[in-house]
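Next up, run.pdb (PDB, C-alpha atoms, pLDDT in the B column):
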```pdb
MODEL        1
ATOM      1  CA  MET A   1    -170.088 -35.672  30.235  1.00 53.00           C
ATOM      2  CA  ALA A   2    -167.846 -36.814  27.394  1.00 64.00           C
ATOM      3  CA  ASN A   3    -167.106 -40.452  26.917  1.00 79.00           C
ATOM      4  CA  PRO A   4    -163.430 -41.302  27.798  1.00 76.00           C
ATOM      5  CA  THR A   5    -162.989 -43.256  24.590  1.00 83.00           C
ATOM      6  CA  ASP A   6    -164.197 -40.252  22.578  1.00 80.00           C
ATOM      7  CA  ILE A   7    -161.683 -37.990  24.326  1.00 81.00           C
ATOM      8  CA  ARG A   8    -158.916 -40.542  23.759  1.00 83.00           C
ATOM      9  CA  ASP A   9    -159.868 -40.958  20.098  1.00 82.00           C
ATOM     10  CA  SER A  10    -159.999 -37.201  19.636  1.00 85.00           C
ATOM     11  CA  ALA A  11    -156.559 -36.782  21.183  1.00 82.00           C
ATOM     12  CA  ARG A  12    -155.210 -39.628  19.066  1.00 84.00           C
ATOM     13  CA  ARG A  13    -156.635 -38.095  15.869  1.00 85.00           C
ATOM     14  CA  LYS A  14    -155.203 -34.679  16.748  1.00 84.00           C
ATOM     15  CA  ALA A  15    -151.741 -36.140  17.465  1.00 82.00           C
ATOM     16  CA  ASN A  16    -151.889 -38.256  14.320  1.00 82.00           C
ATOM     17  CA  THR A  17    -152.778 -35.152  12.271  1.00 85.00           C
ATOM     18  CA  HIS A  18    -149.747 -33.283  13.630  1.00 81.00           C
ATOM     19  CA  PHE A  19    -147.515 -36.297  13.057  1.00 83.00           C
ATOM     20  CA  THR A  20    -148.743 -36.687   9.476  1.00 88.00           C
ATOM     21  CA  ALA A  21    -148.174 -32.996   8.767  1.00 86.00           C
ATOM     22  CA  SER A  22    -144.657 -33.270  10.182  1.00 88.00           C
ATOM     23  CA  GLU A  23    -143.944 -36.306   8.009  1.00 90.00           C
ATOM     24  CA  GLN A  24    -145.192 -34.427   4.942  1.00 92.00           C
ATOM     25  CA  ARG A  25    -142.922 -31.449   5.715  1.00 93.00           C
ATOM     26  CA  ASP A  26    -139.963 -33.780   6.213  1.00 94.00           C
ATOM     27  CA  ALA A  27    -140.659 -35.538   2.906  1.00 95.00           C
ATOM     28  CA  MET A  28    -140.980 -32.206   1.102  1.00 96.00           C
ATOM     29  CA  VAL A  29    -137.696 -30.919   2.575  1.00 97.00           C
ATOM     30  CA  LYS A  30    -135.896 -34.139   1.622  1.00 97.00           C
ATOM     31  CA  LYS A  31    -137.282 -33.907  -1.912  1.00 97.00           C
ATOM     32  CA  GLU A  32    -136.140 -30.275  -2.237  1.00 97.00           C
ATOM     33  CA  LEU A  33    -132.679 -31.150  -0.934  1.00 98.00           C
ATOM     34  CA  GLU A  34    -132.417 -34.012  -3.428  1.00 97.00           C
ATOM     35  CA  MET A  35    -133.468 -31.695  -6.272  1.00 98.00           C
ATOM     36  CA  GLU A  36    -130.869 -29.097  -5.218  1.00 98.00           C
ATOM     37  CA  ARG A  37    -128.203 -31.797  -4.952  1.00 98.00           C
ATOM     38  CA  THR A  38    -129.076 -33.102  -8.422  1.00 98.00           C
ATOM     39  CA  ALA A  39    -128.988 -29.598  -9.914  1.00 98.00           C
ATOM     40  CA  PHE A  40    -125.618 -28.954  -8.258  1.00 98.00           C
ATOM     41  CA  ASP A  41    -124.213 -32.258  -9.567  1.00 98.00           C
ATOM     42  CA  ASN A  42    -125.460 -31.481 -13.073  1.00 98.00           C
ATOM     43  CA  ARG A  43    -123.926 -27.995 -12.966  1.00 98.00           C
ATOM     44  CA  THR A  44    -120.632 -29.426 -11.696  1.00 98.00           C
ATOM     45  CA  ALA A  45    -120.564 -32.040 -14.480  1.00 98.00           C
ATOM     46  CA  LYS A  46    -121.260 -29.370 -17.103  1.00 98.00           C
ATOM     47  CA  LEU A  47    -118.518 -27.083 -15.781  1.00 98.00           C
ATOM     48  CA  ARG A  48    -116.057 -29.995 -15.586  1.00 98.00           C
ATOM     49  CA  ALA A  49    -116.790 -30.922 -19.209  1.00 98.00           C
ATOM     50  CA  LEU A  50    -116.290 -27.308 -20.299  1.00 98.00           C
ATOM     51  CA  ARG A  51    -113.018 -27.065 -18.372  1.00 98.00           C
ATOM     52  CA  LEU A  52    -111.689 -30.310 -19.846  1.00 98.00           C
ATOM     53  CA  ALA A  53    -112.649 -29.201 -23.363  1.00 98.00           C
ATOM     54  CA  LYS A  54    -110.886 -25.858 -22.833  1.00 98.00           C
ATOM     55  CA  GLU A  55    -107.771 -27.571 -21.467  1.00 97.00           C
ATOM     56  CA  ALA A  56    -107.713 -29.925 -24.461  1.00 97.00           C
ATOM     57  CA  ALA A  57    -108.082 -26.996 -26.885  1.00 97.00           C
ATOM     58  CA  ASP A  58    -105.337 -25.067 -25.067  1.00 96.00           C
ATOM     59  CA  ALA A  59    -103.010 -28.077 -25.162  1.00 96.00           C
ATOM     60  CA  GLU A  60    -103.667 -28.549 -28.874  1.00 96.00           C
ATOM     61  CA  ALA A  61    -103.001 -24.858 -29.546  1.00 95.00           C
ATOM     62  CA  ALA A  62     -99.771 -25.007 -27.522  1.00 93.00           C
ATOM     63  CA  MET A  63     -98.582 -28.070 -29.456  1.00 93.00           C
ATOM     64  CA  LYS A  64     -99.435 -26.387 -32.763  1.00 92.00           C
ATOM     65  CA  LEU A  65     -97.566 -23.225 -31.719  1.00 90.00           C
ATOM     66  CA  ALA A  66     -94.559 -25.265 -30.565  1.00 87.00           C
ATOM     67  CA  ALA A  67     -94.493 -27.136 -33.884  1.00 86.00           C
ATOM     68  CA  GLU A  68     -94.530 -23.879 -35.863  1.00 86.00           C
ATOM     69  CA  GLN A  69     -91.652 -22.267 -33.970  1.00 85.00           C
ATOM     70  CA  PRO A  70     -88.073 -23.138 -34.929  1.00 79.00           C
ATOM     71  CA  PRO A  71     -86.240 -25.282 -32.402  1.00 75.00           C
ATOM     72  CA  LYS A  72     -84.276 -23.393 -29.797  1.00 76.00           C
ATOM     73  CA  PRO A  73     -80.491 -23.557 -30.109  1.00 77.00           C
ATOM     74  CA  VAL A  74     -78.858 -25.855 -27.620  1.00 78.00           C
ATOM     75  CA  LYS A  75     -76.429 -24.027 -25.364  1.00 80.00           C
ATOM     76  CA  LYS A  76     -73.230 -25.804 -24.593  1.00 78.00           C
ATOM     77  CA  LYS A  77     -72.223 -25.822 -20.996  1.00 78.00           C
ATOM     78  CA  ARG A  78     -68.769 -24.596 -20.266  1.00 76.00           C
ATOM     79  CA  ALA A  79     -66.620 -26.403 -17.795  1.00 71.00           C
ATOM     80  CA  ALA A  80     -66.418 -24.662 -14.465  1.00 71.00           C
ATOM     81  CA  PRO A  81     -63.014 -23.193 -13.718  1.00 74.00           C
ATOM     82  CA  ALA A  82     -60.984 -25.237 -11.241  1.00 72.00           C
ATOM     83  CA  LYS A  83     -60.800 -23.804  -7.762  1.00 76.00           C
ATOM     84  CA  ILE A  84     -57.374 -23.189  -6.374  1.00 71.00           C
ATOM     85  CA  ARG A  85     -56.867 -23.711  -2.677  1.00 65.00           C
TER      86      ARG A  85
ENDMDL
END
```

In structure tokens, what does this structure look like?
Amino acid sequence: MANPTDIRDSARRKANTHFTASEQRDAMVKKELEMERTAFDNRTAKLRALRLAKEAADAEAAMKLAAEQPPKPVKKKRAAPAKIR
């Protein structure tokens, strides 16, 4: 017959093995999520920098184009005709 302490120790070891494996899977999943989050943040920062650079270049080109064009003539507003009742 098996000793009760041996059975208890065996059960404890088996449960501890499953618990350790579960902890390792959880740690691996958290690490992968953190890596994905970091990659996403890096990609977002890169795209934001590219967008801001493009907007700055577009604004500079628009200012240059506006400076090259002659000023538009100012239209004088005519007085509205008086309404007769």

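Rounded to one decimal, CA of Ile7 (chain A) and CA of Gln24 (chain A) lie 25.7 Å from each other.
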
For region 33-37 of chain A, take all atoms listed in the file, fit an axis-aligned box around them, add 8 Å to each of the six sides, then output centre and edge lengths in Å rounded to one decimal, as AutoDock Vina command-line options.
```
--center_x -130.8 --center_y -31.6 --center_z -3.6 --size_x 21.3 --size_y 20.9 --size_z 21.3
```

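What separates CA of Leu52 (chain A) from CA of Met35 (chain A) is a distance of 25.7 Å.
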